[in-house]
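Below is one structure, written out as structure tokens; the observations come after it.
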Amino acid sequence: MTLDLVPLWAFILSLAVLMYVLLDGFDLGVGILFFFRRHDKDRDVMVASVAPIWDFNETWLILGGGGLLAMFPLAFAVIVPAVYFPILLMLLGLLFRGVAFEFRDAPEARKHWWNAAFAYGSLIATFAQGVVLGNFIRGFPVEGRSFSGTSWDWIAPFQLLTGLGLLVGYSLLGATWLYMKTEGELQAWARRMSRWFLLGLLAFIVMVSVWTPLEEPRIAERWFSFPNLLYFSPVPILTVVLAWLLLWALNKGRDVLPFLCAMGLFFLSYTGLIISIWPYVAPPSITLWDAAAPPMAQQFLMVGTMFLLPVILLYVFWSYWVFRGKVRAGMSYH
């Protein structure tokens with residue numbers, strides 16, 4: 001009897017995507033906040049707060065994308081043509097912001113150009129990720145075993161809405177990160193921005209939560225059928241509690257709690273998405289088992305993953321521990 005590793009692989013890839021959203025989300029948010037904070041010294045502190053850790057945050061993106069190709073090749077073949085251009089824009093945005101990290105402080109560098117590359121790269125990469133998210137919620141038209149839509153289907157109101165929503169969400173993560181990592185006037189500014197972005201994120205959560213069941217009957221049936229309704233009912237309550245706790249922590253001057261609450265809001269939204277589309281990896285027609293690689297391939301790659309995944313997790317926790325504490329003007333990771 002062959003051991004079914006599909007649920008375990010689904011968990012690993014879901015974990016990789018969640019870790020990427022939480023960890024790379026806040027440093028993309030810091031880049032977006034460049035549009036709202038134009039003082040060069042403050043921008044230097046903002047970059048210094050994420051410079052030691054931004055690159056390995058994207059390790060999770062590689063694990064998620066590579067794992068999808070290796071373990072669920074049919075889903076990869078369906079999803080990529082549907083979101084080819086958003087993924088291309090995302091990669092270009094990540095490329096520009098990655099180069100900007102290194103070159104904005106180079107001797108005789110035109111700093112304003114690299115600041116623009118950092119800000120616009122973060123903006124474009126985030127918006128593209130939100131569009132991909134919207135595509136997952138709406139689903140992918142399939143005929144036989146092939147994607148039957150076009151590479152321009154992502155230009156639609158719902159996908160553009162989720163793109164804007166993720167911009168606001170990552171900005172909240174970035175603002176609460178800066179509130180945790182900075183001091184003085186920059187920290188006070190980050191507190192104010194956190195309040196505004198929290199209100200914006202809650203508004204987008206409400207809009208997406210109302211729009212999704214109206215547009216997608218399959219998701220409406222899952223949400224509102226009994227006993228699923230009982231299982232989902234704590235989610236909006238927990239969302240309100242976390243939002244209130246975030247505001248309370250900001251008002252009380254708690255440095256770390258607002259950032260944790262912002263991550264909690266993303267965790268709730270992400271788990272709600274997973275529950276809504278399970279067991280489909282390319283909804284609404286291709287399940288995890290339909291798209292899975294042969295069992296021998298799953299077992300072979302699982303051996304390496306069981307060694308690699310703990311190393312990545314330990315490295316992440318160790319790195320954040322090493323670079324803990326406040327960031328001040330003049331600090332640099334070089």
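The way I read the labels, and the way they are meant: chains A, B, ... in the order of the structure tokens, residue 1 as the first residue of every chain, and ligand 1 as the first ligand shown, with later ones counted on from there.
The residue set within 6 Å of range 126-142 of chain A, counting only C-alpha atoms and dropping same-chain residues fewer than 5 places from it, reads Pro86, Met90, Phe147, Ser148, Gly149, Gln159, Leu160, Thr162, Gly163, Leu166, Leu167, Pro283 and Pro284 of chain A.
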Those same residues - all heavy atoms - I'd like them written as a short mmCIF file (atom, residue, chain, number, x, y, z; two decimals), in the first residue's frame.
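again_9.cif written:
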```cif
data_model
loop_
_atom_site.label_atom_id
_atom_site.label_comp_id
_atom_site.auth_asym_id
_atom_site.auth_seq_id
_atom_site.Cartn_x
_atom_site.Cartn_y
_atom_site.Cartn_z
N PRO A 86 0.88 38.74 -14.46
CA PRO A 86 1.10 39.17 -13.07
C PRO A 86 2.37 38.60 -12.46
O PRO A 86 3.08 39.31 -11.72
CB PRO A 86 -0.16 38.66 -12.35
CG PRO A 86 -1.20 38.59 -13.40
CD PRO A 86 -0.47 38.20 -14.65
N MET A 90 5.48 40.69 -11.07
CA MET A 90 5.97 40.48 -9.71
C MET A 90 7.48 40.26 -9.70
O MET A 90 8.20 40.86 -8.90
CB MET A 90 5.27 39.27 -9.08
CG MET A 90 5.74 38.96 -7.67
SD MET A 90 5.14 37.37 -7.05
CE MET A 90 6.12 36.23 -8.02
N PHE A 147 -5.59 24.79 -19.46
CA PHE A 147 -6.23 26.07 -19.19
C PHE A 147 -6.93 26.56 -20.45
O PHE A 147 -6.33 26.61 -21.52
CB PHE A 147 -5.18 27.08 -18.72
CG PHE A 147 -5.69 28.47 -18.55
CD1 PHE A 147 -6.65 28.76 -17.58
CD2 PHE A 147 -5.21 29.51 -19.34
CE1 PHE A 147 -7.12 30.05 -17.42
CE2 PHE A 147 -5.68 30.80 -19.19
CZ PHE A 147 -6.64 31.07 -18.22
N SER A 148 -8.20 26.92 -20.34
CA SER A 148 -9.00 27.28 -21.52
C SER A 148 -9.27 28.78 -21.61
O SER A 148 -9.97 29.21 -22.52
CB SER A 148 -10.33 26.52 -21.51
OG SER A 148 -11.09 26.84 -20.35
N GLY A 149 -8.76 29.55 -20.67
CA GLY A 149 -8.96 30.99 -20.73
C GLY A 149 -7.83 31.67 -21.49
O GLY A 149 -7.14 31.05 -22.32
N GLN A 159 -10.26 40.75 -9.38
CA GLN A 159 -8.82 40.58 -9.24
C GLN A 159 -8.12 41.90 -8.96
O GLN A 159 -7.18 41.96 -8.15
CB GLN A 159 -8.24 39.93 -10.50
CG GLN A 159 -8.55 38.46 -10.66
CD GLN A 159 -9.85 38.19 -11.39
OE1 GLN A 159 -10.83 38.91 -11.21
NE2 GLN A 159 -9.86 37.17 -12.23
N LEU A 160 -8.57 42.98 -9.59
CA LEU A 160 -7.97 44.28 -9.33
C LEU A 160 -8.28 44.74 -7.90
O LEU A 160 -7.45 45.38 -7.26
CB LEU A 160 -8.48 45.31 -10.34
CG LEU A 160 -8.15 45.00 -11.81
CD1 LEU A 160 -8.73 46.08 -12.72
CD2 LEU A 160 -6.64 44.88 -12.02
N THR A 162 -8.66 42.71 -5.27
CA THR A 162 -7.78 41.98 -4.35
C THR A 162 -6.34 42.50 -4.45
O THR A 162 -5.61 42.49 -3.46
CB THR A 162 -7.80 40.47 -4.65
OG1 THR A 162 -7.50 40.24 -6.03
CG2 THR A 162 -9.18 39.88 -4.33
N GLY A 163 -5.94 42.98 -5.64
CA GLY A 163 -4.63 43.60 -5.77
C GLY A 163 -4.51 44.84 -4.91
O GLY A 163 -3.51 45.03 -4.19
N LEU A 166 -4.39 43.88 -1.17
CA LEU A 166 -3.10 43.40 -0.67
C LEU A 166 -2.12 44.56 -0.50
O LEU A 166 -1.27 44.52 0.40
CB LEU A 166 -2.52 42.35 -1.63
CG LEU A 166 -1.39 41.50 -1.04
CD1 LEU A 166 -1.89 40.69 0.15
CD2 LEU A 166 -0.78 40.57 -2.08
N LEU A 167 -2.22 45.58 -1.34
CA LEU A 167 -1.39 46.77 -1.14
C LEU A 167 -1.63 47.37 0.23
O LEU A 167 -0.69 47.72 0.95
CB LEU A 167 -1.70 47.81 -2.22
CG LEU A 167 -1.14 47.57 -3.62
CD1 LEU A 167 -1.69 48.62 -4.59
CD2 LEU A 167 0.37 47.61 -3.62
N PRO A 283 -8.76 25.63 -8.46
CA PRO A 283 -10.21 25.59 -8.43
C PRO A 283 -10.80 26.15 -9.74
O PRO A 283 -10.14 26.95 -10.41
CB PRO A 283 -10.56 26.50 -7.23
CG PRO A 283 -9.35 27.37 -7.05
CD PRO A 283 -8.18 26.56 -7.47
N PRO A 284 -12.00 25.69 -10.10
CA PRO A 284 -12.91 24.85 -9.31
C PRO A 284 -12.93 23.38 -9.72
O PRO A 284 -13.83 22.65 -9.32
CB PRO A 284 -14.26 25.50 -9.64
CG PRO A 284 -14.11 25.89 -11.08
CD PRO A 284 -12.67 26.30 -11.25
#
```
Using only C-alpha atoms, what table do you get, as a tab-separated table, when you list each residue of range 214-249 of chain A with an atom no more than 7 Å from range 263-277 of chain A, its nearest pair of atoms, and their distance in Å rounded to one decimal, rows by chain then rising number?
```
residue	atom	partner	partner_atom	distance
A:Ile219	CA	A:Ser276	CA	6.1
A:Arg222	CA	A:Ser276	CA	6.7
A:Val235	CA	A:Leu268	CA	6.8
A:Thr239	CA	A:Leu265	CA	6.2
A:Leu242	CA	A:Leu265	CA	6.8
```
Would you list, as a VMD selection string, the residues of range 73-231 of chain A that end up in strand (DSSP E or B) under DSSP run on this structure's backbone? chain A and resid 142 to 143 146 to 147
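Distance-wise, CA of Asn57 in chain A and CA of Ala297 in chain A end up 27.0 Å apart.
Restricting the calculation to only C-alpha atoms, the smallest distance between Phe26 in chain A and any of A:Leu238, A:Leu94, A:Val210, A:Leu178 is found for A:Leu178.
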Quick one: residues within 7 Å of range 11-22 of chain A, only C-alpha atoms, excluding same-chain residues fewer than 4 positions away - as a VMD selection string? chain A and resid 7 26 57 to 58 60 to 61 63 to 64 67 263
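For the choices A:Asp24, A:Pro52, A:Met46, A:Val80, the atom-to-atom distance to Gly65 in chain A is smallest for A:Val80 when using only C-alpha atoms.
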Among range 47-217 of chain A, which residues carry a DSSP assignment of helix (DSSP H, G or I), reported as JSON, numbers by chain? {"A": [47, 48, 49, 50, 54, 55, 56, 57, 59, 60, 61, 62, 63, 64, 65, 66, 67, 68, 69, 70, 71, 73, 74, 75, 76, 77, 78, 79, 80, 81, 82, 84, 85, 86, 87, 88, 89, 90, 91, 92, 93, 94, 95, 96, 97, 98, 99, 100, 101, 102, 103, 111, 112, 113, 114, 115, 116, 117, 118, 119, 120, 121, 122, 123, 124, 125, 126, 127, 128, 129, 130, 131, 132, 133, 134, 135, 136, 137, 138, 157, 158, 159, 160, 161, 162, 163, 164, 165, 166, 167, 168, 169, 170, 171, 172, 173, 174, 175, 176, 177, 178, 179, 180, 181, 184, 185, 186, 187, 188, 189, 190, 191, 192, 193, 194, 195, 196, 197, 198, 199, 200, 201, 202, 203, 204, 205, 206, 207, 208, 209, 210, 211, 212, 213, 214, 215, 217]}
Of the candidates A:Ile237, A:Leu199, A:Ala116, A:Val99, which shows the shortest atom-to-atom distance to Trp54 in chain A, using only C-alpha atoms? A:Val99
